[in-house]
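Colleague: Quick one: the structure is below, and I'll ask about it shortly.
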Amino acid sequence: MLRILSDLHLFDAATQVRDLRQLEPLLADVHTLVINGDSCELLHGHNAGRLPAMQRFFRERVPEVIFVTGNHDPAISEVHELLLADGRVWVTHGDICFDDLTPWSRNQPELVALVRAELAREPAGDYRAIPVRLRVARTVAGQLEEKVDRLDRSLRARLLWLWHTFLPPRQPIAMLRAWRELPARAAALAAAQRPSAQVVVTGHVHLPGVWTPRPGPTVINTGSFLAPLGGHLVDLVGEEVGVRRITRHKGGFHPGKTIAEIQLSPK
């Protein structure tokens, strides 16, 4: 069984995962584990010394582990997207669905400027093309200056994080807009450039859900391991994609109720 998780945000003060052993129930009977971006907080060299132990934890429990890059771990691997099941399942973190990558961020004006500067270095690059978008997104992520300390768990740091997240009001409004637009954006990107994809698996926006835009592939967002919305996991077994809620029980995270089952069509 191949299982996809996303947005664990390990080492971040906001994650609900305080001990990696909490994740062990999600790893049982898994032969391939895909962590679809933002596995941990790695920007600006944070936690680099903790990364080998984190990777070893997963690899000691699952035969194959694939780390797909996200905007918080842009250099964790060379894998920026995955095509599974003969291209019928496309896995990407999801920030490339937006021209400004994280439109709800307080850093949004800086993101726009950094994207433009990066594109100016490669005038012939077509920003509509997925490889270009991925290259720009990962480069920009490493350049972005964080306005809050994401590792500080103090009450003061938490209040500062809330302040920077919800003020000015344009930020939560932009988040709601991103939630609304992601399914159509992901489906359109896949239809144009990953036409064999029948299912698109994303993270990034932290809104767990399953959508079937018409026309286009089914779009799944795995949510996150942050409160309050929680997350889903995605399983690929043979010709079927299953989506299950992630639940908490006795301090650990467990596969919960099945949300959707999607039968892949022959290629």
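Starting from 1 in every chain, residues are counted up; chains themselves are A, B, ... following the order of the structure tokens, and ligands are numbered from 1 as listed.
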Considering only C-alpha atoms, return as an MDAnalysis selection string whatever protein or nucleic-acid residues lie within 12 Å of stretch 188-195 of chain A, sequence-local ones (same chain, fewer than 4 positions apart) excluded.
Modeller: chainID A and resid 81:84 86:92 94:99 127:131 133 181:184 199:202 212:219 267
Colleague: Show me a table, sorted first by chain and then by increasing residue number, of the residues of stretch 9-32 of chain A having an atom at most 9 Å from stretch 63-78 of chain A, each with its shortest atom pair and the distance in Å to one decimal, counting only C-alpha atoms and written as a Markdown table.
Modeller:
| residue | atom | partner | partner_atom | distance |
| --- | --- | --- | --- | --- |
| A:His9 | CA | A:His72 | CA | 8.0 |
| A:Val30 | CA | A:Pro63 | CA | 8.0 |
| A:His31 | CA | A:Pro63 | CA | 5.5 |
| A:Thr32 | CA | A:Glu64 | CA | 4.7 |
Colleague: Generate the output file for the selected residues, N, CA and C atoms, as a short mmCIF file (atom, residue, chain, number, x, y, z; two decimals), in the first residue's frame.
Modeller:
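Full text of again.cif as output:
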data_model
loop_
_atom_site.label_atom_id
_atom_site.label_comp_id
_atom_site.auth_asym_id
_atom_site.auth_seq_id
_atom_site.Cartn_x
_atom_site.Cartn_y
_atom_site.Cartn_z
N HIS A 9 4.46 19.54 9.29
CA HIS A 9 5.07 20.72 9.91
C HIS A 9 5.81 20.35 11.20
N VAL A 30 2.28 -0.03 5.59
CA VAL A 30 2.56 0.87 4.47
C VAL A 30 3.89 0.44 3.83
N HIS A 31 3.89 0.23 2.53
CA HIS A 31 5.11 -0.15 1.81
C HIS A 31 5.83 1.04 1.20
N THR A 32 5.05 2.06 0.80
CA THR A 32 5.63 3.30 0.29
C THR A 32 4.92 4.46 0.95
#
Colleague: Please indicate the distance in Å from atom CA of A:Val210 to atom CA of A:His93, rounded to one decimal place.
Modeller: 15.3 Å
Colleague: Looking only at strand (DSSP E or B) from DSSP on the backbone, list the matching residues of stretch 27-72 of chain A as a compact mmCIF listing (two decimals) with C-alpha atoms, in the first residue's frame.
Modeller:
# COMPACT_ATOMS: atom_id res chain seq x y z
CA THR A 32 5.63 3.30 0.29
CA LEU A 33 5.14 6.54 2.20
CA VAL A 34 4.92 9.86 0.37
CA ILE A 35 5.11 13.03 2.43
CA ASN A 36 3.79 15.69 0.09
CA CYS A 40 9.05 19.90 8.68
CA GLU A 64 10.27 3.22 0.87
CA VAL A 65 9.85 6.86 1.90
CA ILE A 66 9.59 9.74 -0.59
CA PHE A 67 9.82 13.34 0.55
CA VAL A 68 8.21 15.74 -1.92
Colleague: Per residue of stretch 3-108 of chain A within 6 Å of stretch 248-255 of chain A, note the shortest atom pair and the distance in Å to one decimal, counting only C-alpha atoms, and order the rows by chain and increasing residue number, as JSON lines.
Modeller:
{"residue": "A:Gln22", "atom": "CA", "partner": "A:Gly252", "partner_atom": "CA", "distance": 4.2}
{"residue": "A:Leu23", "atom": "CA", "partner": "A:Phe253", "partner_atom": "CA", "distance": 5.5}
{"residue": "A:Pro25", "atom": "CA", "partner": "A:His254", "partner_atom": "CA", "distance": 5.3}
{"residue": "A:Leu26", "atom": "CA", "partner": "A:His254", "partner_atom": "CA", "distance": 5.5}
Colleague: DSSP on the backbone: what in stretch 3-236 of chain A comes out helix (DSSP H, G or I), as a ChimeraX atom specification?
Modeller: /A:20-27,43-45,48-59,95-97,108-120,130-143,155-166,170-193
Colleague: Just C-alpha atoms for this one: save the residues we selected as an mmCIF file, in the first residue's frame.
Modeller:
data_model
loop_
_atom_site.group_PDB
_atom_site.id
_atom_site.type_symbol
_atom_site.label_atom_id
_atom_site.label_comp_id
_atom_site.auth_asym_id
_atom_site.auth_seq_id
_atom_site.Cartn_x
_atom_site.Cartn_y
_atom_site.Cartn_z
ATOM 1 C CA LEU A 20 7.229 11.178 16.077
ATOM 2 C CA ARG A 21 5.975 8.014 17.734
ATOM 3 C CA GLN A 22 2.482 9.531 17.581
ATOM 4 C CA LEU A 23 2.617 8.811 13.838
ATOM 5 C CA GLU A 24 3.381 5.090 14.114
ATOM 6 C CA PRO A 25 -0.263 3.954 13.675
ATOM 7 C CA LEU A 26 -0.317 5.727 10.300
ATOM 8 C CA LEU A 27 2.717 3.754 9.119
ATOM 9 C CA LEU A 43 13.704 27.365 6.129
ATOM 10 C CA HIS A 44 16.817 29.405 6.860
ATOM 11 C CA GLY A 45 18.688 26.375 8.149
ATOM 12 C CA ALA A 48 18.924 20.909 9.766
ATOM 13 C CA GLY A 49 20.580 18.970 12.574
ATOM 14 C CA ARG A 50 17.293 17.232 13.423
ATOM 15 C CA LEU A 51 16.511 16.205 9.862
ATOM 16 C CA PRO A 52 18.539 12.947 9.684
ATOM 17 C CA ALA A 53 16.847 11.531 12.797
ATOM 18 C CA MET A 54 13.427 12.474 11.445
ATOM 19 C CA GLN A 55 14.106 10.810 8.094
ATOM 20 C CA ARG A 56 15.554 7.748 9.831
ATOM 21 C CA PHE A 57 12.383 7.403 11.936
ATOM 22 C CA PHE A 58 10.247 6.965 8.823
ATOM 23 C CA ARG A 59 12.725 4.814 6.933
ATOM 24 C CA ASP A 95 1.707 26.114 -3.932
ATOM 25 C CA ILE A 96 2.335 26.161 -7.689
ATOM 26 C CA CYS A 97 -1.426 26.383 -8.209
ATOM 27 C CA GLN A 108 2.466 38.263 -0.198
ATOM 28 C CA PRO A 109 3.903 41.528 -1.624
ATOM 29 C CA GLU A 110 7.418 40.200 -1.029
ATOM 30 C CA LEU A 111 6.457 36.888 -2.653
ATOM 31 C CA VAL A 112 5.247 38.698 -5.769
ATOM 32 C CA ALA A 113 8.490 40.694 -5.969
ATOM 33 C CA LEU A 114 10.645 37.585 -5.482
ATOM 34 C CA VAL A 115 8.734 35.666 -8.165
ATOM 35 C CA ARG A 116 9.168 38.520 -10.611
ATOM 36 C CA ALA A 117 12.873 38.796 -9.823
ATOM 37 C CA GLU A 118 13.361 35.063 -10.302
ATOM 38 C CA LEU A 119 11.520 35.084 -13.624
ATOM 39 C CA ALA A 120 13.617 38.038 -14.773
ATOM 40 C CA ILE A 130 4.977 23.284 -14.196
ATOM 41 C CA PRO A 131 8.791 22.773 -14.146
ATOM 42 C CA VAL A 132 9.323 26.541 -14.193
ATOM 43 C CA ARG A 133 6.708 27.116 -11.495
ATOM 44 C CA LEU A 134 8.311 24.450 -9.304
ATOM 45 C CA ARG A 135 11.801 25.880 -9.748
ATOM 46 C CA VAL A 136 10.609 29.401 -8.949
ATOM 47 C CA ALA A 137 8.526 28.256 -5.969
ATOM 48 C CA ARG A 138 11.374 26.335 -4.340
ATOM 49 C CA THR A 139 13.921 29.109 -4.952
ATOM 50 C CA VAL A 140 11.615 31.802 -3.603
ATOM 51 C CA ALA A 141 10.759 29.758 -0.508
ATOM 52 C CA GLY A 142 14.415 29.737 0.482
ATOM 53 C CA GLN A 143 14.681 33.509 0.055
ATOM 54 C CA LEU A 155 2.293 32.332 24.628
ATOM 55 C CA ARG A 156 3.834 35.553 23.355
ATOM 56 C CA ALA A 157 4.990 33.835 20.159
ATOM 57 C CA ARG A 158 1.573 32.248 19.677
ATOM 58 C CA LEU A 159 -0.193 35.596 20.019
ATOM 59 C CA LEU A 160 2.272 37.155 17.596
ATOM 60 C CA TRP A 161 1.589 34.341 15.120
ATOM 61 C CA LEU A 162 -2.175 34.968 15.387
ATOM 62 C CA TRP A 163 -1.604 38.679 14.849
ATOM 63 C CA HIS A 164 0.469 38.112 11.724
ATOM 64 C CA THR A 165 -1.919 35.458 10.396
ATOM 65 C CA PHE A 166 -5.254 37.224 10.762
ATOM 66 C CA ARG A 170 -7.143 40.790 3.739
ATOM 67 C CA GLN A 171 -5.200 37.720 4.901
ATOM 68 C CA PRO A 172 -8.112 35.550 6.126
ATOM 69 C CA ILE A 173 -10.130 36.773 3.136
ATOM 70 C CA ALA A 174 -7.326 35.652 0.833
ATOM 71 C CA MET A 175 -7.225 32.292 2.614
ATOM 72 C CA LEU A 176 -10.951 31.775 2.044
ATOM 73 C CA ARG A 177 -10.466 32.690 -1.607
ATOM 74 C CA ALA A 178 -7.594 30.204 -1.914
ATOM 75 C CA TRP A 179 -9.733 27.458 -0.383
ATOM 76 C CA ARG A 180 -12.463 28.187 -2.906
ATOM 77 C CA GLU A 181 -10.138 28.393 -5.905
ATOM 78 C CA LEU A 182 -7.698 25.536 -5.258
ATOM 79 C CA PRO A 183 -9.788 22.668 -6.719
ATOM 80 C CA ALA A 184 -10.394 24.445 -10.029
ATOM 81 C CA ARG A 185 -6.810 25.723 -10.236
ATOM 82 C CA ALA A 186 -5.309 22.292 -9.541
ATOM 83 C CA ALA A 187 -7.677 20.600 -11.994
ATOM 84 C CA ALA A 188 -6.922 23.135 -14.733
ATOM 85 C CA LEU A 189 -3.150 22.821 -14.230
ATOM 86 C CA ALA A 190 -3.389 19.041 -14.426
ATOM 87 C CA ALA A 191 -5.664 19.069 -17.464
ATOM 88 C CA ALA A 192 -3.274 21.362 -19.332
ATOM 89 C CA GLN A 193 0.057 19.770 -18.404
#
Colleague: Just the number, please: distance in Å from atom CA of A:Leu226 to atom CA of A:His46, one decimal.
Modeller: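 One can read the atom CA of A:Leu226 to atom CA of A:His46 distance as 19.0 Å.
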Colleague: Give me, as a PyMOL selection string, all polymer residues having an atom no more than 8 Å from A:His232, counting only C-alpha atoms and skipping those fewer than 5 positions away in the same chain.
Modeller: chain A and resi 5+208-209+221-224+243-246
Colleague: Would you mind exporting N, CA and C atoms of the selected residues as a PDB file, in the first residue's frame?
Modeller:
ATOM      1  N   LEU A   5       0.798  11.408   3.008  1.00  0.00           N
ATOM      2  CA  LEU A   5       0.515  12.373   4.070  1.00  0.00           C
ATOM      3  C   LEU A   5       1.083  13.715   3.631  1.00  0.00           C
ATOM      4  N   PRO A 208      -8.710  20.086   4.417  1.00  0.00           N
ATOM      5  CA  PRO A 208      -8.935  18.730   3.915  1.00  0.00           C
ATOM      6  C   PRO A 208     -10.246  18.637   3.139  1.00  0.00           C
ATOM      7  N   GLY A 209     -10.185  17.969   2.003  1.00  0.00           N
ATOM      8  CA  GLY A 209     -11.401  17.829   1.217  1.00  0.00           C
ATOM      9  C   GLY A 209     -11.167  17.070  -0.070  1.00  0.00           C
ATOM     10  N   ASN A 221      -7.279  17.436  -1.201  1.00  0.00           N
ATOM     11  CA  ASN A 221      -6.335  18.153  -0.338  1.00  0.00           C
ATOM     12  C   ASN A 221      -6.278  17.427   0.993  1.00  0.00           C
ATOM     13  N   THR A 222      -5.055  17.160   1.445  1.00  0.00           N
ATOM     14  CA  THR A 222      -4.867  16.334   2.633  1.00  0.00           C
ATOM     15  C   THR A 222      -4.923  17.120   3.931  1.00  0.00           C
ATOM     16  N   GLY A 223      -5.158  18.446   3.862  1.00  0.00           N
ATOM     17  CA  GLY A 223      -5.189  19.208   5.105  1.00  0.00           C
ATOM     18  C   GLY A 223      -3.817  19.252   5.741  1.00  0.00           C
ATOM     19  N   SER A 224      -3.783  19.187   7.076  1.00  0.00           N
ATOM     20  CA  SER A 224      -2.494  19.302   7.765  1.00  0.00           C
ATOM     21  C   SER A 224      -2.592  18.671   9.146  1.00  0.00           C
ATOM     22  N   VAL A 243      -9.475   7.879   0.450  1.00  0.00           N
ATOM     23  CA  VAL A 243      -9.224   9.041   1.312  1.00  0.00           C
ATOM     24  C   VAL A 243      -9.850   8.764   2.672  1.00  0.00           C
ATOM     25  N   ARG A 244      -9.031   8.874   3.726  1.00  0.00           N
ATOM     26  CA  ARG A 244      -9.524   8.616   5.080  1.00  0.00           C
ATOM     27  C   ARG A 244      -9.188   9.774   5.996  1.00  0.00           C
ATOM     28  N   ARG A 245     -10.071  10.027   6.923  1.00  0.00           N
ATOM     29  CA  ARG A 245      -9.817  11.045   7.924  1.00  0.00           C
ATOM     30  C   ARG A 245      -8.729  10.558   8.882  1.00  0.00           C
ATOM     31  N   ILE A 246      -7.890  11.452   9.339  1.00  0.00           N
ATOM     32  CA  ILE A 246      -6.895  11.128  10.364  1.00  0.00           C
ATOM     33  C   ILE A 246      -7.480  11.506  11.720  1.00  0.00           C
TER      34      ILE A 246
END
Colleague: In terms of the shortest atom-to-atom distance over only C-alpha atoms, which of A:Asp7, A:Leu207, A:Gln16, A:Gln263 is closest to A:Glu41?
Modeller: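 Ranked by minimum distance to A:Glu41, first place goes to A:Asp7.
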